[in-house]
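Peer 1: Shown below is the structure under consideration.
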Amino acid sequence: MISTAPATPTEPAFTVENFDVKDEDLPAFRDMEFEDINELELDHPGASDEEYRTRRDYIAGLAKDFRETGKITDVEYNEDEQSIWRHVATRLEELHQNHASPFYLKAKKDLGFSNDRIPQLSEMNRRLKELTGFRLAPIEGLVETRGFLSWLSYRTMLSTQYIRHHSRPEYTPEPDIVHEAIGHIPMFTNPNFADFSQFIGHGARIATNDQLEELGRLYWFTVEYGMVEHEGDIKAYGAGLLSSYGELENAFTANVERRPFSLERVINTSYDYSDMQPVLYVIPSYAELKEVTRTYIKSFAKI
Ligand SMILES: [Fe+2]
């Protein structure tokens with residue numbers, strides 16, 4: 001067994017294979033430290049919509065409150081927001097039936113997912129805790145890599161609650177509740193995937209800057225854009241694919257080269273997040289991904 005060195009004196013050390021992270025193992029959320037949390041960017045479709053900006057900032061403010069109270073505040077989504085959800089969720093549902101991994105399809109059902117209304121982080125958090133001990137913590141925007149990934153070591157995913165702008169229902173330049181709830185959150189019901197995510201989190205806490213860049217690539221080509229073999233077929237499990245109908249359709253065309261997963265290759269492949277992905281990697285199983293990642297992360301620190 002190896003353990004990670006505590007990053008701060010108040011942070012309890014626990015072993016890299018402690019999959020049973022208790023509430024008392026968590027650092028206080030109010031001590032979350034980030035170099036950077038993105039505000040709404042100028043190229044955002046809602047950048048010049050004053051009403052949208054106010055609403056987004058209000059919902060983002062609830063995430064700041066969470067850091068003081070540790071309680072997730074449910075958002076009373078309005079009818080416009082619900083209709084964006086219904087449109088995107090319904091359109092994706094059809095594509096998921098053909099292209100999503102069977103595990104994802106089951107997870108969506110298990111989470112009690114509805115295309116009719118936006119799910120609350122609080123209810124999904126309760127369900128994940130029962131299934132794999134994963135947690136969700138509200139956050140007000142995109143966070144820099146080390147800060148975001150490090151929380152995965154506590155089996156905690158930081159998640160936005162606001163929704164994209166109505167003018168571009170198919171697109172968002174920043175994470176939003178569609179991307180989180182449809183793309184990311186169901187996958188944490190898979191125990192191997194949850195453990196794999198936690199390994200990445202441990203890695204981020206102890207990585208050098210170069211190793212962190214490699215981890216970012218591993219995260220990108222798995223958690224965001226991963227594909228998995230299934231009974232001689234290929235299915236999608238990455239959040240960036242499952243939450244975007246353009247990306248998901250494109251991923252299964254001749255535009256994309258689908259390569260067998262190789263850790264060495266993935267951590268040395270750079271990516272462009274501003275365009276459709278030309279190369280994707282296919283893992284044989286989540287269990288194998290977990291084992292490869294375990295060995296890789298252990299090589300980071302001889303402690
Ligand atoms: Fe994401």
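How things are named: the first chain in the structure tokens is A, the next is B, and so on; residues count from 1 in each chain; ligands count from 1 in the order shown.
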Applying 10 Å and only C-alpha atoms, which residues near Leu248 of chain A remain after dropping the ones on its own chain fewer than 2 positions away? List them as a VMD selection string.
Peer 2: chain A and resid 92 95 to 96 99 to 100 225 236 238 to 246 250 to 253 276
Peer 1: What lies within 6 Å of Glu140 of chain A using only C-alpha atoms, ignoring chain neighbours under 5 positions off, as a compact mmCIF listing (two decimals) with N, CA and C atoms, in the first residue's frame?
Peer 2:
# COMPACT_ATOMS: atom_id res chain seq x y z
N ALA A 60 -24.64 30.49 -10.03
CA ALA A 60 -23.24 30.31 -9.64
C ALA A 60 -23.04 30.72 -8.18
N ALA A 63 -23.44 28.08 -5.63
CA ALA A 63 -22.26 27.21 -5.45
C ALA A 63 -21.30 27.83 -4.44
N THR A 160 -21.27 22.14 -12.19
CA THR A 160 -22.04 23.38 -12.36
C THR A 160 -23.53 23.07 -12.32
Peer 1: Pick out the residues no farther than 8 Å from ligand 1, counting only C-alpha atoms and all ligand atoms, and list them as a list in words.
Peer 2: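 Checked against 8 Å with only C-alpha atoms and all ligand atoms; the hits are Pro175, His179, Glu180, Gly183, His184, Val223, Glu224, Ala239 and Gly240 of chain A.
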Peer 1: May I ask which of the residues A:Ser83, A:Ser153, A:Ser299, A:Thr293 is the closest one to Arg205 of chain A, counting only C-alpha atoms?
Peer 2: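 Residue with the minimum atom-to-atom distance to Arg205 of chain A: A:Ser153.
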Peer 1: Interatomic distance between atom CA of Pro102 of chain A and atom CA of Leu263 of chain A?
Peer 2: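 One can read the atom CA of Pro102 of chain A to atom CA of Leu263 of chain A distance as 23.6 Å.
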Peer 1: Within 9 Å of segment 145-150 of chain A, counting only C-alpha atoms, which residues qualify if same-chain residues fewer than 6 places away don't, as a PyMOL selection string?
Peer 2: chain A and resi 32-36+156-158+197-198+200-205+207+212-213+216+219
Peer 1: If we count only C-alpha atoms and set the cut-off at 9 Å, which residues sit around Thr172 of chain A, ignoring sequence neighbours fewer than 6 positions away in its own chain? Please answer as a PyMOL selection string.
Peer 2: chain A and resi 44-45+163-165+179
Peer 1: Using only C-alpha atoms, pick whichever of A:Asn268, A:Thr222, A:Gln161, A:Thr295 has the shortest atom-to-atom distance to Leu280 of chain A.
Peer 2: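 Counting only C-alpha atoms, the residue closest to Leu280 of chain A is A:Thr222.
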Peer 1: I need the residue nearest Phe188 of chain A from this list: A:Glu214, A:Glu17, A:Glu93, A:Asp110. Use only C-alpha atoms for the distance.
Peer 2: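 Nearest candidate to Phe188 of chain A out of A:Glu214, A:Glu17, A:Glu93, A:Asp110: A:Asp110.
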Peer 1: So that I can see what lies close to Tyr77 of chain A, please list as a PDB file with C-alpha atoms, in the first residue's frame the residues with an atom at most 12 Å from it, counting only C-alpha atoms and leaving out residues fewer than 6 positions away in the same chain.
Peer 2:
ATOM      1  CA  ARG A  55     -29.426  34.312 -13.948  1.00  0.00           C
ATOM      2  CA  ARG A  56     -26.159  32.438 -14.477  1.00  0.00           C
ATOM      3  CA  TYR A  58     -27.308  33.902  -9.375  1.00  0.00           C
ATOM      4  CA  ILE A  59     -27.039  30.123  -9.833  1.00  0.00           C
ATOM      5  CA  SER A  83     -37.392  23.620 -22.246  1.00  0.00           C
ATOM      6  CA  ILE A  84     -33.683  23.724 -23.193  1.00  0.00           C
ATOM      7  CA  TRP A  85     -33.205  20.564 -21.137  1.00  0.00           C
ATOM      8  CA  ARG A 117     -37.107  18.042 -16.043  1.00  0.00           C
ATOM      9  CA  ILE A 118     -33.626  19.080 -14.997  1.00  0.00           C
ATOM     10  CA  PRO A 119     -32.371  16.800 -12.216  1.00  0.00           C
ATOM     11  CA  GLN A 120     -31.107  18.412  -9.015  1.00  0.00           C
ATOM     12  CA  GLN A 161     -25.795  23.914 -12.007  1.00  0.00           C
ATOM     13  CA  TYR A 162     -26.663  26.615 -14.539  1.00  0.00           C
ATOM     14  CA  ILE A 163     -27.774  25.794 -18.075  1.00  0.00           C
ATOM     15  CA  ILE A 177     -25.960  21.113 -16.069  1.00  0.00           C
TER      16      ILE A 177
END
Peer 1: Could you tell me how far atom CA of Ser285 of chain A sits from atom CA of Val228 of chain A, in Å to one decimal place?
Peer 2: 6.3 Å
Peer 1: Write down as an MDAnalysis selection string the residues belonging to segment 184-295 of chain A that are assigned alpha helix (DSSP H) by DSSP computed on the backbone.
Peer 2: chainID A and resid 191:206 209:219 239:242 245:251 263:267 286:295
Peer 1: For the residues in the current selection, export N, CA and C atoms as a compact mmCIF listing (two decimals), in the first residue's frame.
Peer 2:
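Here's the written file selection-v3.txt:
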# COMPACT_ATOMS: atom_id res chain seq x y z
N PRO A 191 -18.62 1.15 -10.63
CA PRO A 191 -17.58 1.10 -9.59
C PRO A 191 -16.16 1.19 -10.16
N ASN A 192 -15.90 0.51 -11.28
CA ASN A 192 -14.55 0.60 -11.86
C ASN A 192 -14.24 2.00 -12.38
N PHE A 193 -15.24 2.62 -12.97
CA PHE A 193 -15.04 3.96 -13.49
C PHE A 193 -14.85 4.96 -12.34
N ALA A 194 -15.61 4.76 -11.27
CA ALA A 194 -15.47 5.62 -10.09
C ALA A 194 -14.07 5.48 -9.49
N ASP A 195 -13.58 4.24 -9.39
CA ASP A 195 -12.23 4.02 -8.84
C ASP A 195 -11.16 4.60 -9.76
N PHE A 196 -11.34 4.41 -11.04
CA PHE A 196 -10.41 4.98 -12.02
C PHE A 196 -10.34 6.50 -11.87
N SER A 197 -11.52 7.13 -11.72
CA SER A 197 -11.56 8.59 -11.57
C SER A 197 -10.81 9.01 -10.30
N GLN A 198 -10.96 8.19 -9.27
CA GLN A 198 -10.28 8.51 -8.01
C GLN A 198 -8.76 8.41 -8.17
N PHE A 199 -8.30 7.42 -8.94
CA PHE A 199 -6.85 7.31 -9.20
C PHE A 199 -6.33 8.56 -9.90
N ILE A 200 -7.09 9.04 -10.86
CA ILE A 200 -6.68 10.27 -11.55
C ILE A 200 -6.58 11.41 -10.54
N GLY A 201 -7.54 11.46 -9.61
CA GLY A 201 -7.51 12.49 -8.57
C GLY A 201 -6.26 12.40 -7.71
N HIS A 202 -5.93 11.19 -7.30
CA HIS A 202 -4.70 11.02 -6.51
C HIS A 202 -3.50 11.49 -7.30
N GLY A 203 -3.49 11.12 -8.58
CA GLY A 203 -2.37 11.52 -9.44
C GLY A 203 -2.23 13.03 -9.49
N ALA A 204 -3.35 13.73 -9.61
CA ALA A 204 -3.32 15.19 -9.73
C ALA A 204 -2.75 15.84 -8.47
N ARG A 205 -2.97 15.21 -7.34
CA ARG A 205 -2.48 15.81 -6.09
C ARG A 205 -0.96 15.73 -5.96
N ILE A 206 -0.37 14.73 -6.62
CA ILE A 206 1.07 14.53 -6.42
C ILE A 206 1.88 14.73 -7.70
N ASN A 209 4.24 19.23 -12.86
CA ASN A 209 3.46 19.93 -13.90
C ASN A 209 3.41 19.14 -15.21
N ASP A 210 4.51 18.46 -15.54
CA ASP A 210 4.51 17.65 -16.76
C ASP A 210 3.57 16.45 -16.63
N GLN A 211 3.61 15.82 -15.46
CA GLN A 211 2.70 14.68 -15.24
C GLN A 211 1.25 15.15 -15.27
N LEU A 212 1.02 16.35 -14.77
CA LEU A 212 -0.35 16.88 -14.77
C LEU A 212 -0.86 17.06 -16.20
N GLU A 213 0.02 17.48 -17.06
CA GLU A 213 -0.38 17.64 -18.46
C GLU A 213 -0.76 16.27 -19.05
N GLU A 214 0.01 15.26 -18.71
CA GLU A 214 -0.31 13.90 -19.18
C GLU A 214 -1.66 13.44 -18.62
N LEU A 215 -1.87 13.72 -17.34
CA LEU A 215 -3.14 13.32 -16.72
C LEU A 215 -4.32 14.01 -17.38
N GLY A 216 -4.11 15.28 -17.72
CA GLY A 216 -5.16 16.03 -18.41
C GLY A 216 -5.54 15.36 -19.72
N ARG A 217 -4.53 14.81 -20.40
CA ARG A 217 -4.80 14.12 -21.67
C ARG A 217 -5.52 12.80 -21.43
N LEU A 218 -5.09 12.09 -20.40
CA LEU A 218 -5.76 10.83 -20.07
C LEU A 218 -7.24 11.11 -19.75
N TYR A 219 -7.47 12.16 -18.96
CA TYR A 219 -8.84 12.54 -18.61
C TYR A 219 -9.63 12.89 -19.87
N ALA A 239 -18.13 11.94 -21.54
CA ALA A 239 -19.16 12.96 -21.30
C ALA A 239 -19.30 13.96 -22.44
N GLY A 240 -18.17 14.29 -23.06
CA GLY A 240 -18.22 15.24 -24.17
C GLY A 240 -18.96 14.67 -25.37
N LEU A 241 -18.91 13.35 -25.52
CA LEU A 241 -19.65 12.69 -26.60
C LEU A 241 -21.13 12.55 -26.23
N LEU A 242 -21.38 12.08 -25.02
CA LEU A 242 -22.75 11.74 -24.63
C LEU A 242 -23.64 12.98 -24.41
N TYR A 245 -24.98 16.21 -29.31
CA TYR A 245 -25.42 15.36 -30.41
C TYR A 245 -24.54 15.49 -31.64
N GLY A 246 -23.93 16.66 -31.84
CA GLY A 246 -23.00 16.82 -32.96
C GLY A 246 -21.78 15.91 -32.82
N GLU A 247 -21.18 15.95 -31.63
CA GLU A 247 -19.98 15.13 -31.39
C GLU A 247 -20.29 13.64 -31.44
N LEU A 248 -21.44 13.29 -30.88
CA LEU A 248 -21.77 11.86 -30.80
C LEU A 248 -22.00 11.28 -32.20
N GLU A 249 -22.71 12.01 -33.01
CA GLU A 249 -22.93 11.53 -34.38
C GLU A 249 -21.61 11.45 -35.14
N ASN A 250 -20.81 12.48 -34.99
CA ASN A 250 -19.54 12.54 -35.72
C ASN A 250 -18.58 11.43 -35.31
N ALA A 251 -18.63 11.04 -34.03
CA ALA A 251 -17.68 10.07 -33.49
C ALA A 251 -17.78 8.72 -34.19
N LEU A 263 -2.17 3.63 -23.11
CA LEU A 263 -1.87 4.69 -22.15
C LEU A 263 -0.74 5.57 -22.67
N GLU A 264 0.32 4.91 -23.13
CA GLU A 264 1.50 5.64 -23.61
C GLU A 264 1.12 6.63 -24.71
N ARG A 265 0.30 6.16 -25.62
CA ARG A 265 -0.09 7.00 -26.75
C ARG A 265 -0.99 8.15 -26.29
N VAL A 266 -1.94 7.83 -25.41
CA VAL A 266 -2.91 8.84 -24.97
C VAL A 266 -2.21 9.97 -24.22
N ILE A 267 -1.31 9.63 -23.30
CA ILE A 267 -0.71 10.70 -22.49
C ILE A 267 0.27 11.54 -23.29
N TYR A 286 -13.83 -1.01 -18.57
CA TYR A 286 -13.54 -0.06 -17.50
C TYR A 286 -12.58 -0.68 -16.49
N ALA A 287 -12.70 -2.00 -16.30
CA ALA A 287 -11.82 -2.68 -15.33
C ALA A 287 -10.36 -2.57 -15.79
N GLU A 288 -10.14 -2.74 -17.09
CA GLU A 288 -8.76 -2.65 -17.58
C GLU A 288 -8.24 -1.22 -17.48
N LEU A 289 -9.09 -0.27 -17.79
CA LEU A 289 -8.70 1.14 -17.67
C LEU A 289 -8.28 1.45 -16.24
N LYS A 290 -9.05 0.93 -15.30
CA LYS A 290 -8.75 1.16 -13.88
C LYS A 290 -7.37 0.58 -13.53
N GLU A 291 -7.10 -0.63 -13.98
CA GLU A 291 -5.84 -1.28 -13.61
C GLU A 291 -4.63 -0.60 -14.24
N VAL A 292 -4.75 -0.22 -15.50
CA VAL A 292 -3.65 0.48 -16.17
C VAL A 292 -3.36 1.80 -15.45
N THR A 293 -4.42 2.49 -15.06
CA THR A 293 -4.27 3.79 -14.42
C THR A 293 -3.68 3.65 -13.02
N ARG A 294 -4.07 2.60 -12.32
CA ARG A 294 -3.54 2.36 -10.98
C ARG A 294 -1.99 2.26 -11.04
N THR A 295 -1.50 1.44 -11.98
CA THR A 295 -0.06 1.25 -12.11
C THR A 295 0.63 2.57 -12.48
Peer 1: Taking the backbone alone, and naming residues the way the document does, which bits of segment 119-219 of chain A are strand (DSSP E or B) by DSSP, as a CSV table (one decimal) with C-alpha atoms, in the first residue's frame?
Peer 2:
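Done, and the output landed in out.csv:
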chain,number,residue,atom,x,y,z
A,135,ARG,CA,-20.2,12.9,-4.3
A,136,LEU,CA,-21.2,16.0,-6.2
A,137,ALA,CA,-20.2,19.5,-5.1
A,138,PRO,CA,-21.6,22.6,-6.8
A,143,VAL,CA,-11.8,25.2,-12.7
A,156,THR,CA,-16.0,14.1,-5.4
A,157,MET,CA,-16.9,15.8,-8.7
A,158,LEU,CA,-17.3,19.5,-8.9
A,159,SER,CA,-20.4,20.3,-10.9
Peer 1: When you count only C-alpha atoms, which of these residues is closest to Phe261 of chain A: A:Ala89, A:Glu41, A:Phe221, A:Leu128?
Peer 2: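 Using only C-alpha atoms, Phe261 of chain A sits closest to A:Phe221.
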Peer 1: Could you give me, as a list in words, the residues within 10 Å of Thr189 of chain A, counting only C-alpha atoms and dropping anything in the same chain fewer than 4 positions from it?
Peer 2: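 So the residues in contact are Phe103, Tyr104, Lys106, Ala107, Lys108, Asp110, Leu111, Arg127, Leu128, Lys129, Glu130, Leu131, Thr132, Gly133, Phe134, Ile185, Phe193 and Ala194 of chain A.
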Peer 1: Would you compute the distance between atom CA of Asp23 of chain A and atom CA of Gly61 of chain A? Give it in Å to one decimal.
Peer 2: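 These atoms are spaced 23.6 Å apart.
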Peer 1: Which residues are close to Tyr271 of chain A, i.e. within 9 Å by only C-alpha atoms, leaving aside same-chain residues fewer than 2 positions away? Reply as a list in words.
Peer 2: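 Result of the neighbour search: Arg217, Trp220, Phe221, Thr269, Tyr273, Gln277 and Val279 of chain A.
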